[in-house]
file final08.cif (mmCIF, C-alpha atoms and all ligand atoms)
data_query
loop_
_atom_site.label_atom_id
_atom_site.label_comp_id
_atom_site.auth_asym_id
_atom_site.auth_seq_id
_atom_site.Cartn_x
_atom_site.Cartn_y
_atom_site.Cartn_z
CA MET A 1 113.36 121.24 122.75
CA THR A 2 113.79 120.60 126.46
CA THR A 3 115.60 117.61 127.85
CA THR A 4 112.48 116.49 129.70
CA THR A 5 110.56 116.16 126.45
CA VAL A 6 113.42 114.32 124.80
CA MET A 7 113.74 111.77 127.55
CA GLN A 8 110.02 111.11 127.93
CA LYS A 9 109.34 107.38 127.83
CA VAL A 10 106.46 105.64 126.07
CA ASN A 11 104.13 103.88 128.46
CA PRO A 12 103.34 100.52 126.81
CA GLN A 13 100.00 100.29 128.67
CA SER A 14 98.85 103.68 127.42
CA SER A 15 96.29 103.82 124.61
CA THR A 16 97.66 107.08 123.22
CA LYS A 17 100.80 106.60 121.15
CA ALA A 18 103.76 108.82 121.83
CA CYS A 19 106.66 109.62 119.50
CA ARG A 20 109.76 107.53 120.28
CA PHE A 21 111.94 110.64 120.11
CA CYS A 22 110.01 113.75 121.15
CA GLY A 23 107.06 112.28 123.06
CA SER A 24 104.35 114.06 121.01
CA THR A 25 101.09 112.17 120.49
CA LEU A 26 101.05 110.21 117.21
CA GLU A 27 97.86 110.85 115.26
CA GLN A 28 98.81 110.62 111.58
CA THR A 29 99.00 107.26 109.81
CA PHE A 30 101.79 106.95 107.24
CA VAL A 31 100.70 103.49 106.03
CA ASP A 32 98.83 100.56 107.55
CA LEU A 33 100.20 97.30 106.11
CA GLY A 34 97.96 94.98 108.14
CA MET A 35 99.21 92.12 110.31
CA SER A 36 102.46 90.21 109.91
CA PRO A 37 104.65 87.86 112.01
CA LEU A 38 108.21 88.85 113.00
CA CYS A 39 110.07 88.79 109.72
CA GLU A 40 113.35 87.24 110.87
CA SER A 41 111.85 84.22 112.68
CA TYR A 42 112.14 81.36 110.20
CA PRO A 43 110.31 78.29 111.58
CA SER A 44 111.89 74.84 111.22
CA ALA A 45 109.87 71.83 110.02
CA ALA A 46 109.28 70.79 113.65
CA GLU A 47 107.84 74.22 114.48
CA LEU A 48 105.31 74.33 111.63
CA ASN A 49 102.39 73.06 113.69
CA GLN A 50 102.92 75.67 116.40
CA GLY A 51 101.15 79.01 116.39
CA GLU A 52 102.83 82.23 115.26
CA ILE A 53 102.11 85.65 116.66
CA TYR A 54 101.09 88.37 114.22
CA TYR A 55 101.61 92.05 115.03
CA PRO A 56 100.19 95.14 113.35
CA LEU A 57 102.41 96.94 110.84
CA HIS A 58 100.77 100.30 111.35
CA VAL A 59 103.21 103.14 110.71
CA TYR A 60 102.72 106.65 112.07
CA VAL A 61 104.43 109.95 111.35
CA CYS A 62 105.10 112.45 114.16
CA GLU A 63 103.94 115.92 113.17
CA THR A 64 106.38 117.56 115.57
CA CYS A 65 109.73 115.97 114.57
CA TRP A 66 108.73 114.03 111.36
CA LEU A 67 110.00 110.73 112.72
CA VAL A 68 108.16 107.90 110.92
CA GLN A 69 107.71 105.00 113.31
CA LEU A 70 106.08 101.77 114.38
CA GLU A 71 105.09 101.07 117.91
CA GLU A 72 107.31 98.56 119.64
CA TYR A 73 105.20 95.39 119.79
CA GLU A 74 107.89 92.89 120.73
CA SER A 75 110.75 93.42 123.12
CA ALA A 76 114.09 93.95 121.42
CA GLU A 77 115.50 90.98 123.35
CA ALA A 78 112.95 88.61 121.79
CA ILE A 79 113.76 89.81 118.29
CA PHE A 80 117.54 89.83 118.45
CA ARG A 81 118.48 86.93 120.75
CA ASP A 82 118.92 84.45 117.89
CA TYR A 83 118.92 86.75 114.91
CA ALA A 84 119.09 85.03 111.54
CA TYR A 85 120.62 87.85 109.55
CA PHE A 86 124.28 87.25 108.78
CA SER A 87 125.63 90.30 106.99
CA SER A 88 128.41 88.43 105.20
CA HIS A 89 126.12 86.61 102.77
CA SER A 90 125.97 89.36 100.14
CA ASP A 91 129.01 90.03 97.95
CA SER A 92 127.98 93.55 97.00
CA TRP A 93 127.42 94.50 100.65
CA LEU A 94 130.90 93.24 101.60
CA LYS A 95 132.46 95.34 98.82
CA HIS A 96 130.56 98.37 100.11
CA CYS A 97 131.98 97.75 103.60
CA GLU A 98 135.56 97.25 102.45
CA ALA A 99 135.37 100.54 100.54
CA TYR A 100 133.98 102.29 103.63
CA CYS A 101 136.89 101.10 105.82
CA GLY A 102 139.47 102.22 103.25
CA ARG A 103 137.93 105.67 102.91
CA MET A 104 137.45 106.23 106.64
CA ALA A 105 141.04 105.17 107.39
CA GLU A 106 142.29 107.65 104.80
CA ARG A 107 139.99 110.59 105.59
CA PHE A 108 140.39 110.43 109.35
CA GLY A 109 143.95 109.08 109.48
CA LEU A 110 143.13 105.85 111.32
CA GLY A 111 146.06 103.56 112.12
CA THR A 112 147.52 101.21 114.69
CA ASN A 113 147.05 103.77 117.49
CA SER A 114 143.37 104.38 116.72
CA PHE A 115 140.32 102.61 118.06
CA VAL A 116 137.22 101.79 116.02
CA VAL A 117 133.95 100.58 117.56
CA GLU A 118 130.99 99.29 115.62
CA VAL A 119 127.61 99.12 117.28
CA ALA A 120 125.58 96.10 116.06
CA SER A 121 128.68 94.63 114.47
CA ASN A 122 126.90 91.45 113.35
CA ASP A 123 129.34 88.72 112.20
CA GLY A 124 132.29 91.12 111.90
CA TYR A 125 131.50 91.76 108.21
CA LEU A 126 132.74 95.39 108.49
CA LEU A 127 135.36 95.44 111.24
CA GLN A 128 137.32 92.59 109.61
CA TYR A 129 138.61 95.13 107.07
CA PHE A 130 139.97 97.40 109.83
CA VAL A 131 141.54 94.33 111.50
CA ARG A 132 143.36 93.62 108.22
CA LYS A 133 144.78 97.16 108.31
CA GLY A 134 146.02 96.62 111.88
CA VAL A 135 143.51 99.12 113.37
CA PRO A 136 142.34 98.00 116.86
CA VAL A 137 138.57 97.38 116.92
CA LEU A 138 135.72 96.29 119.14
CA GLY A 139 132.34 95.08 117.94
CA ILE A 140 129.17 95.28 120.03
CA GLU A 141 126.56 92.73 119.01
CA PRO A 142 123.60 91.54 121.11
CA ALA A 143 122.83 88.35 119.13
CA ALA A 144 125.07 85.67 120.64
CA ASN A 145 125.00 83.30 117.66
CA VAL A 146 126.13 86.05 115.28
CA ALA A 147 128.75 87.51 117.67
CA LYS A 148 130.36 84.06 117.98
CA VAL A 149 131.03 84.00 114.24
CA ALA A 150 132.73 87.42 114.48
CA VAL A 151 135.04 86.29 117.30
CA GLU A 152 135.97 83.17 115.30
CA LYS A 153 137.13 85.38 112.43
CA GLY A 154 139.30 87.51 114.73
CA VAL A 155 136.98 90.44 115.44
CA PRO A 156 136.81 91.09 119.22
CA THR A 157 133.11 91.35 120.08
CA LEU A 158 131.11 92.21 123.17
CA THR A 159 127.72 90.44 123.39
CA ARG A 160 125.65 93.31 124.84
CA PHE A 161 122.85 95.70 123.93
CA PHE A 162 124.25 99.17 123.36
CA GLY A 163 123.00 102.17 125.33
CA THR A 164 124.19 104.99 127.57
CA GLN A 165 125.07 102.61 130.43
CA LEU A 166 127.39 100.44 128.32
CA ALA A 167 128.98 103.57 126.77
CA ARG A 168 129.72 104.94 130.26
CA ASP A 169 131.24 101.59 131.31
CA MET A 170 133.46 101.63 128.22
CA ALA A 171 134.44 105.29 128.69
CA ALA A 172 135.43 104.51 132.30
CA LYS A 173 137.76 101.80 130.97
CA GLY A 174 139.34 104.21 128.47
CA GLN A 175 137.55 102.57 125.55
CA CYS A 176 136.40 105.77 123.79
CA ALA A 177 136.67 105.64 120.02
CA ASP A 178 138.19 107.65 117.17
CA LEU A 179 135.49 106.24 114.91
CA VAL A 180 132.14 104.81 115.90
CA ALA A 181 130.17 103.12 113.13
CA GLY A 182 126.49 102.30 113.23
CA ASN A 183 125.25 100.67 110.05
CA ASN A 184 121.55 99.95 109.78
CA VAL A 185 121.13 99.84 113.53
CA LEU A 186 119.41 103.15 114.33
CA ALA A 187 116.10 101.88 112.93
CA GLN A 188 116.21 98.89 115.28
CA VAL A 189 116.63 100.85 118.48
CA PRO A 190 113.54 101.04 120.71
CA ASP A 191 114.96 103.68 123.10
CA LEU A 192 116.37 106.12 120.56
CA ASN A 193 117.40 108.81 123.06
CA ASP A 194 119.32 106.43 125.31
CA PHE A 195 121.11 104.97 122.28
CA VAL A 196 122.13 108.29 120.69
CA GLU A 197 123.25 109.69 124.04
CA GLY A 198 125.44 106.56 124.37
CA LEU A 199 127.03 107.25 120.97
CA ASN A 200 128.04 110.71 122.18
CA VAL A 201 129.56 109.26 125.38
CA LEU A 202 131.53 106.68 123.38
CA LEU A 203 133.31 109.27 121.19
CA LYS A 204 136.73 110.69 121.93
CA PRO A 205 136.54 114.55 122.02
CA ASP A 206 137.43 114.72 118.30
CA GLY A 207 136.00 111.33 117.38
CA VAL A 208 133.74 110.79 114.38
CA LEU A 209 130.46 108.94 114.30
CA THR A 210 129.04 107.58 111.05
CA LEU A 211 125.50 106.29 110.83
CA GLU A 212 124.00 104.54 107.83
CA PHE A 213 120.27 104.08 107.49
CA PRO A 214 117.73 103.64 104.71
CA HIS A 215 116.66 107.08 103.51
CA LEU A 216 112.97 107.80 104.10
CA LEU A 217 112.95 110.07 101.05
CA LYS A 218 113.89 107.09 98.85
CA LEU A 219 111.47 104.77 100.66
CA ILE A 220 108.69 107.19 99.71
CA GLU A 221 109.90 108.03 96.19
CA LEU A 222 110.62 104.41 95.23
CA ASN A 223 107.59 102.94 97.00
CA GLU A 224 109.69 100.62 99.16
CA PHE A 225 106.87 99.73 101.54
CA ASP A 226 108.21 96.21 102.08
CA THR A 227 111.27 97.63 103.87
CA ILE A 228 108.85 98.36 106.72
CA TYR A 229 108.88 95.55 109.27
CA HIS A 230 108.68 95.03 113.00
CA GLU A 231 112.44 94.88 113.47
CA HIS A 232 112.66 98.46 112.16
CA PHE A 233 110.93 100.73 114.65
CA SER A 234 111.95 104.03 113.01
CA TYR A 235 112.36 105.42 109.45
CA PHE A 236 114.57 108.47 109.09
CA SER A 237 114.88 111.51 106.92
CA LEU A 238 117.91 113.76 107.38
CA LEU A 239 115.45 116.31 108.78
CA SER A 240 114.45 114.00 111.62
CA VAL A 241 117.89 112.50 112.30
CA PHE A 242 119.49 115.94 112.36
CA ARG A 243 117.10 117.00 115.10
CA ILE A 244 117.70 113.81 117.12
CA LEU A 245 121.51 114.16 116.94
CA GLU A 246 121.33 117.86 117.81
CA ALA A 247 119.30 117.05 120.92
CA HIS A 248 122.25 114.90 122.05
CA ASP A 249 124.90 117.52 121.29
CA LEU A 250 126.05 115.89 118.07
CA ARG A 251 126.71 117.95 114.95
CA VAL A 252 126.17 116.59 111.43
CA PHE A 253 129.10 117.76 109.26
CA ASP A 254 128.69 115.63 106.15
CA VAL A 255 126.25 113.31 104.48
CA GLU A 256 126.55 110.88 101.57
CA GLU A 257 123.75 109.41 99.51
CA LEU A 258 124.31 105.67 98.98
CA LYS A 259 122.67 103.06 96.76
CA SER A 260 122.59 100.36 99.46
CA HIS A 261 119.27 99.02 100.79
CA GLY A 262 117.26 100.82 98.13
CA GLY A 263 118.84 104.21 98.91
CA SER A 264 120.55 105.05 102.19
CA LEU A 265 122.20 108.00 103.87
CA ARG A 266 125.59 107.95 105.58
CA VAL A 267 125.68 110.75 108.10
CA PHE A 268 128.98 111.97 109.60
CA CYS A 269 128.86 113.66 112.96
CA CYS A 270 131.04 114.80 115.81
CA ARG A 271 130.49 116.35 119.21
CA LYS A 272 129.27 119.95 119.03
CA GLU A 273 132.36 121.21 120.85
CA SER A 274 134.74 119.30 118.58
CA GLY A 275 137.03 121.42 116.43
CA ARG A 276 136.55 119.01 113.57
CA ALA A 277 135.55 119.80 110.01
CA ASN A 278 133.29 122.50 108.66
CA VAL A 279 129.80 121.50 107.69
CA GLN A 280 129.85 120.31 104.07
CA SER A 281 127.38 121.71 101.52
CA ASN A 282 125.86 118.22 101.03
CA VAL A 283 124.06 118.57 104.35
CA GLN A 284 122.05 121.61 103.21
CA LYS A 285 121.53 120.01 99.78
CA VAL A 286 119.87 116.86 101.20
CA LEU A 287 117.82 118.88 103.69
CA ALA A 288 116.61 121.07 100.82
CA GLU A 289 115.67 118.00 98.73
CA GLU A 290 113.62 116.66 101.60
CA ARG A 291 111.84 119.97 102.13
CA GLN A 292 111.19 120.12 98.37
CA ALA A 293 109.57 116.66 98.58
CA GLY A 294 107.30 117.96 101.32
CA LEU A 295 108.86 116.03 104.20
CA ALA A 296 108.62 119.04 106.50
CA THR A 297 104.83 119.06 106.05
CA ILE A 298 102.21 116.35 106.47
CA GLY A 299 101.49 116.53 102.71
CA GLY A 300 104.74 114.70 101.88
CA TYR A 301 103.54 111.61 103.76
CA ARG A 302 99.95 111.38 102.58
CA ASN A 303 100.05 109.50 99.24
CA PHE A 304 102.34 106.69 100.24
CA ALA A 305 99.61 104.22 101.28
CA GLN A 306 97.91 104.54 97.89
CA LYS A 307 101.14 103.79 96.00
CA ALA A 308 101.71 100.66 98.10
CA GLU A 309 98.20 99.48 97.23
CA GLN A 310 98.84 99.91 93.50
CA THR A 311 101.93 97.68 93.78
CA LYS A 312 99.88 95.05 95.60
CA LEU A 313 97.26 94.99 92.83
CA GLY A 314 99.92 94.67 90.09
CA PHE A 315 101.67 91.78 91.87
CA LEU A 316 98.40 89.92 92.54
CA GLU A 317 97.25 90.35 88.93
CA PHE A 318 100.52 88.81 87.72
CA LEU A 319 100.33 85.86 90.16
CA LEU A 320 96.68 85.10 89.33
CA ARG A 321 97.39 85.17 85.60
CA ALA A 322 100.41 82.88 86.00
CA LYS A 323 98.32 80.50 88.11
CA ARG A 324 95.50 80.37 85.53
CA GLU A 325 98.07 79.69 82.80
CA ARG A 326 99.52 76.88 84.97
CA LYS A 327 102.98 78.45 85.01
CA SER A 328 105.33 77.63 87.87
CA VAL A 329 106.35 80.54 90.10
CA VAL A 330 109.14 80.34 92.70
CA GLY A 331 111.01 82.92 94.76
CA TYR A 332 114.66 83.87 95.08
CA GLY A 333 115.88 85.01 98.49
CA ALA A 334 114.29 84.99 101.93
CA PRO A 335 114.98 88.53 103.16
CA GLY A 336 113.09 90.09 106.04
CA LYS A 337 111.19 92.31 103.64
CA SER A 338 109.58 89.32 101.91
CA ALA A 339 107.40 88.78 105.00
CA THR A 340 105.92 92.27 104.69
CA LEU A 341 105.40 91.98 100.94
CA LEU A 342 103.76 88.54 101.09
CA HIS A 343 101.51 89.30 104.06
CA TYR A 344 100.45 92.70 102.81
CA CYS A 345 99.62 91.20 99.40
CA GLY A 346 98.05 88.04 100.90
CA VAL A 347 100.35 85.71 98.93
CA GLY A 348 101.07 82.18 100.21
CA LYS A 349 102.60 78.93 98.99
CA ASP A 350 99.60 78.39 96.72
CA MET A 351 101.06 81.23 94.62
CA ILE A 352 104.81 80.89 95.23
CA GLU A 353 105.82 77.22 95.46
CA TYR A 354 109.13 77.70 97.23
CA THR A 355 112.01 80.12 97.59
CA VAL A 356 115.79 79.63 97.79
CA ASP A 357 118.49 81.38 99.79
CA ARG A 358 122.28 81.24 99.95
CA SER A 359 122.25 81.38 103.74
CA PRO A 360 122.69 77.84 105.16
CA TYR A 361 120.81 78.99 108.28
CA LYS A 362 117.64 79.55 106.28
CA GLN A 363 117.82 76.45 104.04
CA GLY A 364 115.40 73.75 105.23
CA ARG A 365 113.40 76.34 107.14
CA PHE A 366 110.25 78.24 106.10
CA LEU A 367 109.24 81.84 105.55
CA PRO A 368 107.40 83.19 108.60
CA GLY A 369 103.61 83.04 108.42
CA THR A 370 103.25 81.84 104.83
CA HIS A 371 105.43 78.74 105.46
CA ILE A 372 106.84 78.87 101.94
CA PRO A 373 109.76 76.38 102.09
CA ILE A 374 113.34 77.69 101.67
CA PHE A 375 115.78 75.55 99.68
CA HIS A 376 119.38 75.72 98.46
CA PRO A 377 119.62 77.81 95.22
CA ASP A 378 120.35 74.60 93.20
CA ARG A 379 116.65 73.79 93.48
CA ILE A 380 115.94 76.30 90.70
CA LEU A 381 118.17 74.39 88.29
CA GLU A 382 116.44 71.13 89.26
CA THR A 383 112.83 72.33 88.83
CA LYS A 384 113.26 74.88 85.96
CA PRO A 385 110.42 77.24 86.94
CA ASP A 386 108.71 79.61 84.47
CA TYR A 387 109.08 82.62 86.77
CA VAL A 388 111.55 83.54 89.53
CA VAL A 389 110.29 86.32 91.82
CA ILE A 390 113.27 88.25 93.19
CA LEU A 391 112.34 89.08 96.77
CA PRO A 392 115.48 91.13 97.70
CA TRP A 393 114.81 93.52 94.79
CA ASN A 394 117.64 95.82 95.94
CA LEU A 395 120.07 93.09 94.75
CA LYS A 396 118.22 92.34 91.51
CA ASP A 397 121.10 93.08 89.11
CA GLU A 398 123.48 90.84 91.05
CA ILE A 399 120.87 88.05 91.27
CA ILE A 400 119.83 88.16 87.59
CA LYS A 401 123.53 87.85 86.69
CA GLN A 402 123.98 84.87 89.06
CA LEU A 403 120.87 83.15 87.69
CA HIS A 404 121.49 83.80 83.97
CA PHE A 405 120.95 80.05 83.32
CA VAL A 406 117.20 80.49 83.99
CA ARG A 407 116.92 82.04 80.51
CA GLN A 408 118.06 78.73 78.93
CA TRP A 409 114.64 77.16 79.51
CA GLY A 410 112.77 80.40 78.80
CA GLY A 411 112.37 81.29 82.48
CA ARG A 412 111.79 84.93 83.36
CA PHE A 413 112.52 87.18 86.33
CA VAL A 414 109.85 89.06 88.25
CA VAL A 415 110.53 92.07 90.47
CA PRO A 416 107.40 93.15 92.38
CA VAL A 417 108.62 96.47 93.89
CA PRO A 418 108.48 99.45 93.21
CA GLU A 419 106.10 98.27 90.51
CA LEU A 420 105.78 94.94 88.76
CA MET A 421 108.57 94.19 86.30
CA VAL A 422 108.77 90.94 84.28
CA ASP A 423 112.09 90.56 82.50
ZN ZN B 1 108.27 113.28 117.39
#
call {"tool": "encode", "arguments": {"input": "final08.cif", "output": "structure tokens"}}
result
Amino acid sequence: MTTTTVMQKVNPQSSTKACRFCGSTLEQTFVDLGMSPLCESYPSAAELNQGEIYYPLHVYVCETCWLVQLEEYESAEAIFRDYAYFSSHSDSWLKHCEAYCGRMAERFGLGTNSFVVEVASNDGYLLQYFVRKGVPVLGIEPAANVAKVAVEKGVPTLTRFFGTQLARDMAAKGQCADLVAGNNVLAQVPDLNDFVEGLNVLLKPDGVLTLEFPHLLKLIELNEFDTIYHEHFSYFSLLSVFRILEAHDLRVFDVEELKSHGGSLRVFCCRKESGRANVQSNVQKVLAEERQAGLATIGGYRNFAQKAEQTKLGFLEFLLRAKRERKSVVGYGAPGKSATLLHYCGVGKDMIEYTVDRSPYKQGRFLPGTHIPIFHPDRILETKPDYVVILPWNLKDEIIKQLHFVRQWGGRFVVPVPELMVD
């Protein structure tokens, strides 16, 4: 692939859609989930009588590089200026991050003379564990409200969007890194080529880059259509990410399959010219699994839309039956993915009375579009509902354990994805 193709920009005024990475024309639909508002904009009571903008959730797959992608409908600045997602509100996620820091420090010998940078460092949820080990760090986080929390907990943080320009500025100041971490950020990057090029620039010659992202193979296999939302522009297989990194002179030398976010990959890479590490057999193993599942042909992408529709029918049948039987149904959690699920299924507050969330930011606010109110989790104990729909289904085991008291009044748990489960 030539550099000119790689760097081709999408013209937002153009009616033909071009792949965010390789510039090929996008003609194949992966799934069309209809219209939905931005999933991380939770209106306050005062904002309820204002209009909300809905954008299409129409996902395409590029037949040249197999990148699954949405068009960018809203500028990244508008989405991330006052982002509501604070990473530190999930116990299992924090444990995952602490384990990552321990393992990286050991494997790559990171200590007081090293330098670790995290791109999209959120509230310092990850870097805090390196700080505790005495490893110098810098977070880069564009959302000012979230970055402020990180600084308050002792994680130095730069409030900027990351790209090649910022990486060059940092390199000029001698701020290249031994380890660069990017957790769940790649999907949110509108200009993929500028971002990945920046990651290369930011590495020391033998530095290591780790990227974590939800695995497209799992999204397809486990029918996780609700993890598709406007804030995630791209959905990656190892096949597609491998090609993108290669185009920016980065070599994948290891990959781990993780349980987080419904099944993720952690990809390890270094500069092509780096003397570091032989390529581990896992890389070929995952690539082979993806080929086996048909992800290197259009056939592997064709049945997804039908599976999503089956889930919608199952969820609606349950809600209608509960309504007819005059049972009370509430939600647990207000994750971004609930907006996709509820809009795609056409479910509003006539079906789900309210939801609760541990994040103080979301309490007292409303889910986007549906305006289902969000309360403190104690509300469940006060109203004793018949059914609790777990919206962040990836945390269902943790949540069912936390809410064991619901069983005392005969309440039951409902998990709508991958297919309806009433427990
Ligand atoms: Zn492409």
call {"tool": "residues_near_point", "arguments": {"input": "final08.cif", "point": "(106.6, 82.9, 97.2)", "cutoff": "8 Å", "atoms": "only C-alpha atoms", "output": "list in words"}}
result
Val329, Val330, Gly331, Leu342, Val347, Gly348, Lys349, Met351, Ile352, Glu353, Tyr354, Thr355, Ile372 and Val389 of chain A
call {"tool": "residues_around", "arguments": {"input": "final08.cif", "residues": "Ala308 (chain A)", "least_positions_apart": "3", "cutoff": "10 Å", "atoms": "only C-alpha atoms", "output": "NGL selection string"}}
result
:A and (31-33 or 220 or 223-226 or 303-305 or 311-313 or 341 or 344-345 or 417-419)
call {"tool": "write_last_selection", "arguments": {"input": "final08.cif", "atoms": "C-alpha atoms", "output": "mmCIF file, in the frame of the given file"}}
result
data_model
loop_
_atom_site.group_PDB
_atom_site.id
_atom_site.type_symbol
_atom_site.label_atom_id
_atom_site.label_comp_id
_atom_site.auth_asym_id
_atom_site.auth_seq_id
_atom_site.Cartn_x
_atom_site.Cartn_y
_atom_site.Cartn_z
ATOM 1 C CA VAL A 31 100.700 103.490 106.030
ATOM 2 C CA ASP A 32 98.830 100.560 107.550
ATOM 3 C CA LEU A 33 100.200 97.300 106.110
ATOM 4 C CA ILE A 220 108.690 107.190 99.710
ATOM 5 C CA ASN A 223 107.590 102.940 97.000
ATOM 6 C CA GLU A 224 109.690 100.620 99.160
ATOM 7 C CA PHE A 225 106.870 99.730 101.540
ATOM 8 C CA ASP A 226 108.210 96.210 102.080
ATOM 9 C CA ASN A 303 100.050 109.500 99.240
ATOM 10 C CA PHE A 304 102.340 106.690 100.240
ATOM 11 C CA ALA A 305 99.610 104.220 101.280
ATOM 12 C CA THR A 311 101.930 97.680 93.780
ATOM 13 C CA LYS A 312 99.880 95.050 95.600
ATOM 14 C CA LEU A 313 97.260 94.990 92.830
ATOM 15 C CA LEU A 341 105.400 91.980 100.940
ATOM 16 C CA TYR A 344 100.450 92.700 102.810
ATOM 17 C CA CYS A 345 99.620 91.200 99.400
ATOM 18 C CA VAL A 417 108.620 96.470 93.890
ATOM 19 C CA PRO A 418 108.480 99.450 93.210
ATOM 20 C CA GLU A 419 106.100 98.270 90.510
#
call {"tool": "closest_atom_pairs", "arguments": {"input": "final08.cif", "of": "chain A", "to": "ligand ZN 1 (chain B)", "cutoff": "8 Å", "atoms": "all atoms listed in the file", "output": "JSON lines"}}
result
{"residue": "A:Ala18", "atom": "CA", "partner": "B:ZN1", "partner_atom": "ZN", "distance": 7.7}
{"residue": "A:Cys19", "atom": "CA", "partner": "B:ZN1", "partner_atom": "ZN", "distance": 4.5}
{"residue": "A:Arg20", "atom": "CA", "partner": "B:ZN1", "partner_atom": "ZN", "distance": 6.6}
{"residue": "A:Phe21", "atom": "CA", "partner": "B:ZN1", "partner_atom": "ZN", "distance": 5.3}
{"residue": "A:Cys22", "atom": "CA", "partner": "B:ZN1", "partner_atom": "ZN", "distance": 4.2}
{"residue": "A:Gly23", "atom": "CA", "partner": "B:ZN1", "partner_atom": "ZN", "distance": 5.9}
{"residue": "A:Ser24", "atom": "CA", "partner": "B:ZN1", "partner_atom": "ZN", "distance": 5.4}
{"residue": "A:Thr25", "atom": "CA", "partner": "B:ZN1", "partner_atom": "ZN", "distance": 7.9}
{"residue": "A:Leu26", "atom": "CA", "partner": "B:ZN1", "partner_atom": "ZN", "distance": 7.8}
{"residue": "A:Val61", "atom": "CA", "partner": "B:ZN1", "partner_atom": "ZN", "distance": 7.9}
{"residue": "A:Cys62", "atom": "CA", "partner": "B:ZN1", "partner_atom": "ZN", "distance": 4.6}
{"residue": "A:Glu63", "atom": "CA", "partner": "B:ZN1", "partner_atom": "ZN", "distance": 6.6}
{"residue": "A:Thr64", "atom": "CA", "partner": "B:ZN1", "partner_atom": "ZN", "distance": 5.0}
{"residue": "A:Cys65", "atom": "CA", "partner": "B:ZN1", "partner_atom": "ZN", "distance": 4.2}
{"residue": "A:Trp66", "atom": "CA", "partner": "B:ZN1", "partner_atom": "ZN", "distance": 6.1}
{"residue": "A:Leu67", "atom": "CA", "partner": "B:ZN1", "partner_atom": "ZN", "distance": 5.6}
call {"tool": "atom_distance", "arguments": {"input": "final08.cif", "atom1": "CA of Pro360 (chain A)", "atom2": "CA of Glu52 (chain A)"}}
result
22.7 Å
call {"tool": "atom_distance", "arguments": {"input": "final08.cif", "atom1": "CA of Glu118 (chain A)", "atom2": "CA of Phe242 (chain A)"}}
result
20.5 Å
call {"tool": "atom_distance", "arguments": {"input": "final08.cif", "atom1": "CA of Leu138 (chain A)", "atom2": "CA of Glu273 (chain A)"}}
result
25.2 Å
call {"tool": "residues_around", "arguments": {"input": "final08.cif", "residues": "region 197-200 of chain A", "least_positions_apart": "6", "cutoff": "9 Å", "atoms": "all atoms listed in the file", "output": "JSON, numbers by chain"}}
result
{"A": [119, 162, 163, 164, 165, 166, 167, 168, 180, 209, 245, 247, 248, 249, 250, 270, 271]}
call {"tool": "write_last_selection", "arguments": {"input": "final08.cif", "atoms": "C-alpha atoms", "output": "compact mmCIF listing (two decimals), in the coordinates of the input"}}
result
# COMPACT_ATOMS: atom_id res chain seq x y z
CA VAL A 119 127.61 99.12 117.28
CA PHE A 162 124.25 99.17 123.36
CA GLY A 163 123.00 102.17 125.33
CA THR A 164 124.19 104.99 127.57
CA GLN A 165 125.07 102.61 130.43
CA LEU A 166 127.39 100.44 128.32
CA ALA A 167 128.98 103.57 126.77
CA ARG A 168 129.72 104.94 130.26
CA VAL A 180 132.14 104.81 115.90
CA LEU A 209 130.46 108.94 114.30
CA LEU A 245 121.51 114.16 116.94
CA ALA A 247 119.30 117.05 120.92
CA HIS A 248 122.25 114.90 122.05
CA ASP A 249 124.90 117.52 121.29
CA LEU A 250 126.05 115.89 118.07
CA CYS A 270 131.04 114.80 115.81
CA ARG A 271 130.49 116.35 119.21
call {"tool": "closest_residue", "arguments": {"input": "final08.cif", "among": "A:Thr383, A:Ser274, A:Thr227, A:Ser260", "to": "Trp93 (chain A)", "atoms": "all atoms listed in the file"}}
result
A:Ser260
call {"tool": "residues_around", "arguments": {"input": "final08.cif", "residues": "Lys218 (chain A)", "least_positions_apart": "2", "cutoff": "12 Å", "atoms": "only C-alpha atoms", "output": "compact mmCIF listing (two decimals) with C-alpha atoms, in the frame of the given file"}}
result
# COMPACT_ATOMS: atom_id res chain seq x y z
CA PHE A 213 120.27 104.08 107.49
CA PRO A 214 117.73 103.64 104.71
CA HIS A 215 116.66 107.08 103.51
CA LEU A 216 112.97 107.80 104.10
CA ILE A 220 108.69 107.19 99.71
CA GLU A 221 109.90 108.03 96.19
CA LEU A 222 110.62 104.41 95.23
CA ASN A 223 107.59 102.94 97.00
CA GLU A 224 109.69 100.62 99.16
CA PHE A 225 106.87 99.73 101.54
CA THR A 227 111.27 97.63 103.87
CA TYR A 235 112.36 105.42 109.45
CA PHE A 236 114.57 108.47 109.09
CA SER A 237 114.88 111.51 106.92
CA LEU A 238 117.91 113.76 107.38
CA GLU A 257 123.75 109.41 99.51
CA LEU A 258 124.31 105.67 98.98
CA LYS A 259 122.67 103.06 96.76
CA SER A 260 122.59 100.36 99.46
CA HIS A 261 119.27 99.02 100.79
CA GLY A 262 117.26 100.82 98.13
CA GLY A 263 118.84 104.21 98.91
CA SER A 264 120.55 105.05 102.19
CA LEU A 265 122.20 108.00 103.87
CA VAL A 286 119.87 116.86 101.20
CA GLU A 289 115.67 118.00 98.73
CA GLU A 290 113.62 116.66 101.60
CA ALA A 293 109.57 116.66 98.58
CA LEU A 295 108.86 116.03 104.20
CA PHE A 304 102.34 106.69 100.24
CA PRO A 418 108.48 99.45 93.21
call {"tool": "residues_around", "arguments": {"input": "final08.cif", "residues": "Leu202 (chain A)", "least_positions_apart": "5", "cutoff": "7 Å", "atoms": "all atoms listed in the file", "output": "JSON, numbers by chain"}}
result
{"A": [167, 171, 176, 177]}
call {"tool": "write_last_selection", "arguments": {"input": "final08.cif", "atoms": "C-alpha atoms", "output": "CSV table (one decimal), in the coordinates of the input"}}
result
chain,number,residue,atom,x,y,z
A,167,ALA,CA,129.0,103.6,126.8
A,171,ALA,CA,134.4,105.3,128.7
A,176,CYS,CA,136.4,105.8,123.8
A,177,ALA,CA,136.7,105.6,120.0
